[in-house]
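**Student:** Sharing input.cif, mmCIF, C-alpha atoms and all ligand atoms:
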```cif
data_target
#
loop_
_atom_site.label_atom_id
_atom_site.label_comp_id
_atom_site.auth_asym_id
_atom_site.auth_seq_id
_atom_site.Cartn_x
_atom_site.Cartn_y
_atom_site.Cartn_z
CA MET A 28 0.00 0.00 0.00
CA LYS A 29 1.00 3.65 -0.40
CA LEU A 30 1.52 5.49 2.86
CA GLY A 31 2.48 9.12 3.37
CA PHE A 32 2.38 12.35 5.31
CA LEU A 33 1.75 16.00 4.57
CA GLN A 34 3.96 18.26 6.68
CA MET A 35 2.68 21.80 6.48
CA ARG A 36 2.68 25.33 7.85
CA CYS A 37 -0.72 26.39 9.24
CA ARG A 38 -2.07 29.86 10.01
CA PHE A 39 -3.98 30.34 13.25
CA GLY A 40 -7.72 30.82 12.82
CA GLU A 41 -7.62 30.69 9.02
CA VAL A 42 -9.56 27.48 8.57
CA LYS A 43 -10.53 28.04 4.95
CA ALA A 44 -6.98 28.95 3.90
CA ASN A 45 -5.47 25.97 5.77
CA VAL A 46 -7.97 23.50 4.31
CA LYS A 47 -7.53 24.93 0.83
CA LYS A 48 -3.76 24.66 1.06
CA ALA A 49 -3.93 21.04 2.27
CA SER A 50 -6.40 20.19 -0.45
CA THR A 51 -4.20 21.75 -3.16
CA LEU A 52 -1.11 19.92 -1.93
CA LEU A 53 -3.01 16.63 -1.66
CA SER A 54 -4.23 16.92 -5.24
CA LYS A 55 -0.68 15.97 -6.31
CA VAL A 56 -1.10 12.38 -5.01
CA SER A 57 -3.61 9.58 -5.42
CA ASP A 58 -4.44 6.06 -4.21
CA ALA A 59 -2.72 6.43 -0.84
CA THR A 60 -3.21 6.78 2.91
CA ILE A 61 -1.99 10.21 4.02
CA VAL A 62 -1.62 11.66 7.52
CA LEU A 63 -1.80 15.43 8.20
CA PRO A 64 -0.85 17.38 11.34
CA GLU A 65 -2.85 17.84 14.54
CA LEU A 66 -5.32 20.79 14.43
CA PHE A 67 -4.15 21.51 10.89
CA ASN A 68 -7.27 23.54 10.11
CA THR A 69 -7.35 25.89 13.13
CA GLY A 70 -3.79 26.22 14.40
CA TYR A 71 -2.83 25.53 17.99
CA LEU A 72 -2.42 28.51 20.32
CA PHE A 73 -5.99 29.21 21.44
CA LYS A 74 -6.32 32.06 23.93
CA ASN A 75 -9.30 30.56 25.73
CA ARG A 76 -12.14 28.08 25.44
CA ALA A 77 -14.47 30.64 23.88
CA GLU A 78 -12.04 31.18 21.01
CA LEU A 79 -11.69 27.42 20.56
CA GLY A 80 -15.48 27.08 20.61
CA LYS A 81 -15.80 29.53 17.71
CA LEU A 82 -13.30 27.63 15.56
CA ALA A 83 -14.32 24.07 16.44
CA GLU A 84 -16.62 22.19 14.05
CA ARG A 85 -18.78 19.12 14.08
CA VAL A 86 -16.86 16.18 12.67
CA LYS A 87 -19.81 14.68 10.84
CA ASP A 88 -20.84 17.61 8.69
CA GLY A 89 -18.52 20.54 9.45
CA TYR A 90 -16.72 22.57 6.81
CA THR A 91 -13.36 20.81 7.20
CA THR A 92 -14.76 17.28 6.95
CA THR A 93 -16.92 18.23 3.99
CA GLU A 94 -13.98 19.71 2.08
CA MET A 95 -11.61 16.87 2.96
CA LYS A 96 -14.20 14.35 1.78
CA LYS A 97 -14.13 15.98 -1.65
CA ILE A 98 -10.38 15.58 -2.10
CA ALA A 99 -10.44 12.05 -0.62
CA LYS A 100 -13.04 11.03 -3.18
CA LYS A 101 -11.43 12.79 -6.13
CA LYS A 102 -7.94 11.36 -5.52
CA ASN A 103 -8.90 8.02 -3.92
CA LEU A 104 -7.22 8.95 -0.64
CA HIS A 105 -7.62 7.68 2.90
CA LEU A 106 -6.96 10.76 5.02
CA VAL A 107 -6.18 11.17 8.71
CA PHE A 108 -6.04 14.75 9.99
CA GLY A 109 -6.32 16.70 13.22
CA MET A 110 -9.10 19.21 13.86
CA ALA A 111 -10.90 20.98 16.71
CA GLU A 112 -14.20 19.18 17.29
CA LYS A 113 -17.42 20.53 18.74
CA SER A 114 -19.72 17.82 20.04
CA GLY A 115 -22.66 19.17 22.04
CA ARG A 116 -21.08 21.23 24.83
CA ASN A 117 -17.74 19.42 24.55
CA LEU A 118 -14.65 20.50 22.63
CA TYR A 119 -12.11 17.90 21.57
CA ASN A 120 -8.69 17.77 19.96
CA THR A 121 -9.65 15.14 17.40
CA ALA A 122 -8.07 13.00 14.69
CA VAL A 123 -10.47 12.27 11.85
CA TYR A 124 -10.26 9.42 9.34
CA ILE A 125 -11.99 9.82 5.98
CA SER A 126 -12.18 7.12 3.31
CA PRO A 127 -12.50 7.76 -0.43
CA LYS A 128 -16.13 6.62 -0.12
CA GLY A 129 -16.85 9.17 2.61
CA LYS A 130 -16.72 6.95 5.70
CA VAL A 131 -15.80 9.10 8.73
CA GLU A 132 -14.27 7.97 12.05
CA ALA A 133 -12.89 10.07 14.90
CA TYR A 134 -10.50 9.70 17.83
CA GLN A 135 -10.56 12.31 20.60
CA LYS A 136 -7.13 12.97 22.11
CA ILE A 137 -6.78 11.24 25.47
CA HIS A 138 -3.58 12.84 26.78
CA LEU A 139 -3.85 16.62 26.59
CA PHE A 140 -0.60 18.58 26.49
CA ASP A 141 0.08 21.56 28.75
CA ARG A 142 -2.38 24.45 28.05
CA GLU A 143 -4.65 22.17 26.01
CA LYS A 144 -6.07 21.15 29.40
CA LEU A 145 -7.49 24.67 29.79
CA PHE A 146 -9.77 24.37 26.77
CA PHE A 147 -10.21 20.83 25.53
CA ASP A 148 -12.17 17.96 27.00
CA ALA A 149 -10.14 14.76 27.10
CA GLY A 150 -11.15 11.76 25.02
CA LYS A 151 -12.03 8.50 26.73
CA SER A 152 -11.57 5.73 24.20
CA PHE A 153 -9.04 4.29 21.78
CA LYS A 154 -9.72 3.85 18.10
CA VAL A 155 -8.42 1.48 15.44
CA VAL A 156 -9.93 1.96 11.98
CA ASN A 157 -9.89 -0.82 9.42
CA SER A 158 -9.63 1.19 6.22
CA GLY A 159 -9.63 -1.85 3.96
CA GLU A 160 -6.03 -0.94 3.10
CA GLY A 161 -4.73 -1.38 6.64
CA LYS A 162 -5.64 -1.20 10.31
CA LEU A 163 -4.92 2.32 11.51
CA GLY A 164 -4.29 2.98 15.20
CA MET A 165 -5.12 6.60 15.89
CA MET A 166 -3.09 8.68 18.31
CA ILE A 167 -2.40 12.42 18.54
CA CYS A 168 0.86 14.16 19.31
CA PHE A 169 1.57 13.96 23.09
CA ASP A 170 0.00 10.48 23.23
CA TRP A 171 3.51 9.38 22.15
CA ILE A 172 4.87 9.74 25.68
CA PHE A 173 2.42 7.17 27.07
CA PRO A 174 3.55 3.76 25.76
CA GLU A 175 0.20 2.35 26.87
CA VAL A 176 -1.47 4.09 23.91
CA SER A 177 0.49 2.44 21.13
CA ARG A 178 0.43 -0.90 22.99
CA ILE A 179 -3.34 -0.83 23.37
CA LEU A 180 -3.75 0.16 19.71
CA THR A 181 -1.49 -2.76 18.73
CA LEU A 182 -3.46 -5.18 20.91
CA LYS A 183 -6.59 -3.91 19.14
CA GLY A 184 -5.01 -4.92 15.83
CA ALA A 185 -3.33 -1.75 14.57
CA GLN A 186 -0.71 -2.28 11.86
CA ILE A 187 0.08 1.41 11.42
CA LEU A 188 0.14 4.09 14.12
CA VAL A 189 -1.23 7.23 12.48
CA HIS A 190 0.03 10.21 14.45
CA PRO A 191 -1.06 13.75 13.59
CA ALA A 192 1.19 16.05 15.62
CA ASN A 193 2.14 19.59 16.60
CA LEU A 194 5.41 18.48 18.21
CA VAL A 195 7.35 21.06 20.18
CA LEU A 196 9.42 18.89 22.55
CA PRO A 197 12.62 17.49 21.01
CA TRP A 198 11.96 13.78 21.67
CA GLY A 199 8.72 12.82 19.93
CA GLN A 200 10.14 11.62 16.62
CA GLU A 201 12.88 9.61 18.37
CA ALA A 202 10.38 8.07 20.80
CA MET A 203 8.14 6.94 17.95
CA LYS A 204 11.02 4.73 16.83
CA THR A 205 10.67 2.82 20.09
CA ARG A 206 6.85 2.79 19.80
CA SER A 207 7.28 1.12 16.37
CA ILE A 208 9.90 -1.38 17.55
CA GLU A 209 8.17 -2.44 20.78
CA ASN A 210 4.91 -3.05 18.94
CA GLY A 211 6.20 -4.22 15.56
CA VAL A 212 4.09 -1.67 13.69
CA PHE A 213 4.57 1.05 11.10
CA SER A 214 4.14 4.62 12.31
CA VAL A 215 3.48 7.85 10.49
CA THR A 216 4.06 11.10 12.35
CA ALA A 217 2.81 14.18 10.48
CA ASN A 218 4.07 17.34 12.10
CA ARG A 219 3.83 21.09 11.49
CA ILE A 220 6.59 23.51 10.73
CA GLY A 221 6.87 27.19 11.52
CA THR A 222 6.38 29.44 14.52
CA GLU A 223 2.91 30.38 15.75
CA LYS A 224 2.66 33.62 17.75
CA ARG A 225 -0.42 34.83 19.65
CA GLY A 226 0.17 37.83 21.91
CA THR A 227 2.96 36.83 24.28
CA MET A 228 2.64 33.12 23.40
CA SER A 229 4.91 31.55 20.80
CA LEU A 230 5.60 27.97 19.75
CA THR A 231 7.94 26.58 17.11
CA PHE A 232 6.94 23.25 15.63
CA THR A 233 9.76 20.86 14.94
CA GLY A 234 8.86 19.32 11.55
CA GLY A 235 10.75 16.08 11.07
CA SER A 236 7.65 14.19 9.95
CA GLN A 237 8.47 10.56 9.34
CA ILE A 238 7.40 7.07 8.37
CA LEU A 239 8.98 4.24 10.36
CA GLY A 240 8.87 0.51 9.73
CA PRO A 241 8.01 -2.21 12.27
CA ARG A 242 11.66 -2.60 13.28
CA GLY A 243 12.11 1.15 13.71
CA ASP A 244 13.72 1.62 10.29
CA LEU A 245 13.35 5.11 8.85
CA ILE A 246 11.46 4.82 5.57
CA VAL A 247 11.29 8.54 4.86
CA SER A 248 11.45 11.81 6.78
CA ALA A 249 11.11 15.54 6.21
CA GLY A 250 13.28 18.44 7.36
CA ASP A 251 12.25 21.08 9.87
CA ARG A 252 11.83 24.07 7.52
CA SER A 253 9.78 23.11 4.46
CA GLU A 254 6.36 21.85 3.66
CA SER A 255 6.68 18.30 2.47
CA LEU A 256 4.42 15.64 0.99
CA LYS A 257 6.00 12.20 0.96
CA VAL A 258 4.45 8.92 -0.11
CA LYS A 259 6.15 5.51 0.00
CA ASN A 260 5.16 1.97 -0.85
CA ILE A 261 5.15 -0.27 2.22
CA GLU A 262 4.68 -4.01 2.67
CA LEU A 263 1.97 -3.98 5.31
CA SER A 264 2.34 -7.69 6.20
CA GLU A 265 5.67 -6.83 7.84
CA ALA A 266 3.59 -5.48 10.72
CA ASP A 267 2.02 -8.89 11.26
CA ASP A 268 5.35 -10.56 12.08
CA LYS A 269 5.73 -10.08 15.82
CA ASN A 270 8.61 -12.57 16.19
CA ILE A 271 11.56 -10.52 17.35
CA THR A 272 13.84 -13.59 17.68
CA SER A 273 13.06 -17.25 16.97
CA GLY A 274 12.13 -17.51 20.67
CA ASN A 275 10.42 -14.19 21.28
CA HIS A 276 7.05 -12.87 20.22
CA LEU A 277 6.27 -9.23 21.02
CA LEU A 278 2.72 -9.90 22.12
CA LYS A 279 2.69 -13.54 23.24
CA ASP A 280 5.69 -12.99 25.54
CA ARG A 281 3.91 -10.29 27.49
CA ARG A 282 3.29 -11.12 31.17
CA ALA A 283 -0.01 -9.29 31.44
CA PRO A 284 -0.98 -10.62 34.92
CA LEU A 285 2.16 -8.92 36.26
CA TYR A 286 1.21 -5.58 34.74
CA THR A 287 -2.00 -4.89 36.65
CA SER A 288 -0.35 -2.16 38.76
CA ILE A 289 -0.17 0.01 35.64
CA ALA A 290 -3.93 0.14 35.41
CA LYS A 291 -4.35 0.71 39.15
CA SER A 292 -1.75 3.43 39.62
CA SER A 293 -2.85 6.97 40.42
CA GLY A 294 -3.66 9.23 37.51
CA ARG A 295 -6.59 10.85 35.79
CA LYS A 296 -9.81 8.96 35.18
C1 LIG B 301 1.15 18.25 21.60
O1 LIG B 301 0.58 17.29 22.09
N1 LIG B 301 0.54 19.02 20.72
C2 LIG B 301 2.53 18.59 21.95
#
```
Would you kindly transcribe this structure into structure tokens?
Ligand code: ACM

**Tutor:**
Amino acid sequence: MKLGFLQMRCRFGEVKANVKKASTLLSKVSDATIVLPELFNTGYLFKNRAELGKLAERVKDGYTTTEMKKIAKKKNLHLVFGMAEKSGRNLYNTAVYISPKGKVEAYQKIHLFDREKLFFDAGKSFKVVNSGEGKLGMMICFDWIFPEVSRILTLKGAQILVHPANLVLPWGQEAMKTRSIENGVFSVTANRIGTEKRGTMSLTFTGGSQILGPRGDLIVSAGDRSESLKVKNIELSEADDKNITSGNHLLKDRRAPLYTSIAKSSGRK
């Protein structure tokens, strides 16, 4: 199958311009599964929940989903992208999957990063989407630092971790190598580039989008300055081989009864 990412620069609050840019760039490829950054349509540095509420959209029939469905259909693309979701009174940092036929699935970010906790509601469930091309385990940016996420997605059958991101810490891309190796899965991290400034707030996104293989091999990556659309052919069945030596299987060798303290330890509900 063909797997790729779109690394892009986004402008805060300019949903139409961001969606149009993504759509124009995506029109250069076809017949592939492509991952875009987290919150690619709105930008990241919200001042408060009211501002987020004005920019957030319904996943099912909002502007962003409607436009992305058009390009997915036209170019036979499976798309995964990050957007701000409004669902009743709740606001989520969401990754959306769209198939060429218009099927829509959503994952609401479970582990909110830093100021995101001021505005977003946290998601409560994991999501693996069977696209027909591959089984996509959905995670968003800071979810990378919790190995439980990629493990649970793998146990639910994921073959590819699809990872829209707005990475600002220096370790995310490197850590995803371990997430791929420990689970024997492909991963696609799609990051932003550029600096976003809002009043006294400023963040620089680290680029370095990448596709990794199930043994952590780098299949392709982008730099930290330019927009970049990369698509590669992968052999998906490589993610089904969990034998790490002739005597070790990544999943069957787990000692789950010894791990119960992880689930019981203190933390958020
Ligand atoms: C992040 O989770 N956006 C760093």

**Student:** Considering all atoms listed in the file, state which residue in the set A:Thr216, A:Asn193, A:Ser292, A:Ser207 is at the smallest distance from ligand LIG 301 (chain B).

**Tutor:**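 When distances to ligand LIG 301 (chain B) are compared using all atoms listed in the file, the smallest one comes from A:Asn193.
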
**Student:** Could you tell me how far atom CA of Glu175 of chain A sits from atom CA of Ser264 of chain A, in Å to one decimal place?

**Tutor:**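 Between atom CA of Ser264 of chain A and atom CA of Glu175 of chain A the gap is 23.1 Å.
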
**Student:** Find the distance between atom CA of Val195 of chain A and atom CA of Leu72 of chain A and write it in Å to one decimal.

**Tutor:**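 Separation between atom CA of Val195 of chain A and atom CA of Leu72 of chain A: 12.3 Å.
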
**Student:** How far is it from atom CA of Tyr71 of chain A to atom CA of Ile246 of chain A, in Å with one decimal?

**Tutor:**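 It comes out at 28.1 Å.
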
**Student:** Please report, as a Markdown table, each residue of chain A lying at most 7 Å from ligand LIG 301 (chain B), together with the nearest pair of atoms and the separation in Å rounded to one decimal; use all atoms listed in the file, and order rows by chain and ascending residue number.

**Tutor:**
```
| residue | atom | partner | partner_atom | distance |
| --- | --- | --- | --- | --- |
| A:Leu139 | CA | B:LIG301 | O1 | 6.4 |
| A:Phe140 | CA | B:LIG301 | O1 | 4.7 |
| A:Ile167 | CA | B:LIG301 | O1 | 6.7 |
| A:Cys168 | CA | B:LIG301 | O1 | 4.2 |
| A:Phe169 | CA | B:LIG301 | O1 | 3.6 |
| A:Asp170 | CA | B:LIG301 | O1 | 6.9 |
| A:Ala192 | CA | B:LIG301 | N1 | 5.9 |
| A:Asn193 | CA | B:LIG301 | N1 | 4.5 |
| A:Leu194 | CA | B:LIG301 | C2 | 4.7 |
| A:Val195 | CA | B:LIG301 | C2 | 5.7 |
| A:Leu196 | CA | B:LIG301 | C2 | 6.9 |
```

**Student:** Give me the residues near Val42 of chain A as a PyMOL selection string, where near means some atom within 8 Å (using only C-alpha atoms) and where sequence neighbours in that chain fewer than 5 positions away do not count.

**Tutor:** chain A and resi 68-69+82+91

**Student:** So that I can see what lies close to Lys136 of chain A, please list as a list in words the residues with an atom at most 9 Å from it, counting only C-alpha atoms and leaving out residues fewer than 4 positions away in the same chain.

**Tutor:**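 The contact residues come out as Tyr119, Asn120, Thr121, Ala122, Asp148, Ala149, Gly150, Lys151, Ser152, Phe153, Met166, Ile167, Cys168, Phe169 and Asp170 of chain A.
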
**Student:** Counting all atoms listed in the file, I want the residues whose atoms come within 7 Å of (-5.7, 2.0, 15.6) in the file frame, returned as a ChimeraX atom specification.

**Tutor:** /A:154-156,162-165,180,183-185,188

**Student:** Taking 6 positions as the minimum chain separation for residues in the same chain, which residues sit within 9 Å of Lys204 of chain A when counting only C-alpha atoms? Answer as a VMD selection string.

**Tutor:** chain A and resid 214 239 to 245

**Student:** Kindly indicate which residue among A:Ser229, A:Asn210, A:Ser57, A:Asn218 lies nearest to Phe108 of chain A, using all atoms listed in the file for the distances.

**Tutor:** A:Asn218

**Student:** Mind listing whatever residues come within 10 Å of the point (-10.2, 14.1, -6.5)? Use all atoms listed in the file, file coordinates, and give them as a compact mmCIF listing (two decimals) with C-alpha atoms, in the coordinates of the input.

**Tutor:**
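And here is the file that came out, result_10.txt:
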```txt
# COMPACT_ATOMS: atom_id res chain seq x y z
CA SER A 50 -6.40 20.19 -0.45
CA LEU A 53 -3.01 16.63 -1.66
CA SER A 54 -4.23 16.92 -5.24
CA LYS A 55 -0.68 15.97 -6.31
CA VAL A 56 -1.10 12.38 -5.01
CA SER A 57 -3.61 9.58 -5.42
CA MET A 95 -11.61 16.87 2.96
CA LYS A 96 -14.20 14.35 1.78
CA LYS A 97 -14.13 15.98 -1.65
CA ILE A 98 -10.38 15.58 -2.10
CA ALA A 99 -10.44 12.05 -0.62
CA LYS A 100 -13.04 11.03 -3.18
CA LYS A 101 -11.43 12.79 -6.13
CA LYS A 102 -7.94 11.36 -5.52
CA ASN A 103 -8.90 8.02 -3.92
CA LEU A 104 -7.22 8.95 -0.64
CA PRO A 127 -12.50 7.76 -0.43
```

**Student:** Can you pull out every residue within 9 Å of Leu263 of chain A, counting all atoms listed in the file, but drop anything in the same chain fewer than 4 positions away, and send it as number ranges by chain?

**Tutor:** A: 28, 160-161, 186-187, 212-213, 267

**Student:** Determine the nearest neighbour of Tyr124 of chain A from the options A:Val189, A:Ala83, A:Leu182, A:Leu145, counting only C-alpha atoms.

**Tutor:**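 Under the stated criterion, the closest residue is A:Val189.
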
**Student:** Pick from A:Phe67, A:Thr233, A:Lys74, A:Ser114: nearest to Ala44 of chain A, with all atoms listed in the file counted?

**Tutor:**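 When distances to Ala44 of chain A are compared using all atoms listed in the file, the smallest one comes from A:Phe67.
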
**Student:** Point out the residue among A:Cys37, A:Asn45, A:Ile61, A:Ile208 with the least atom-to-atom distance to Glu265 of chain A, counting only C-alpha atoms.

**Tutor:**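 Between A:Cys37, A:Asn45, A:Ile61, A:Ile208, the residue approaching Glu265 of chain A most closely is A:Ile208.
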
**Student:** Could you check which of A:Phe39, A:Tyr134, A:Trp171, A:Phe147 is closest to Gly109 of chain A, using all atoms listed in the file?

**Tutor:** A:Tyr134
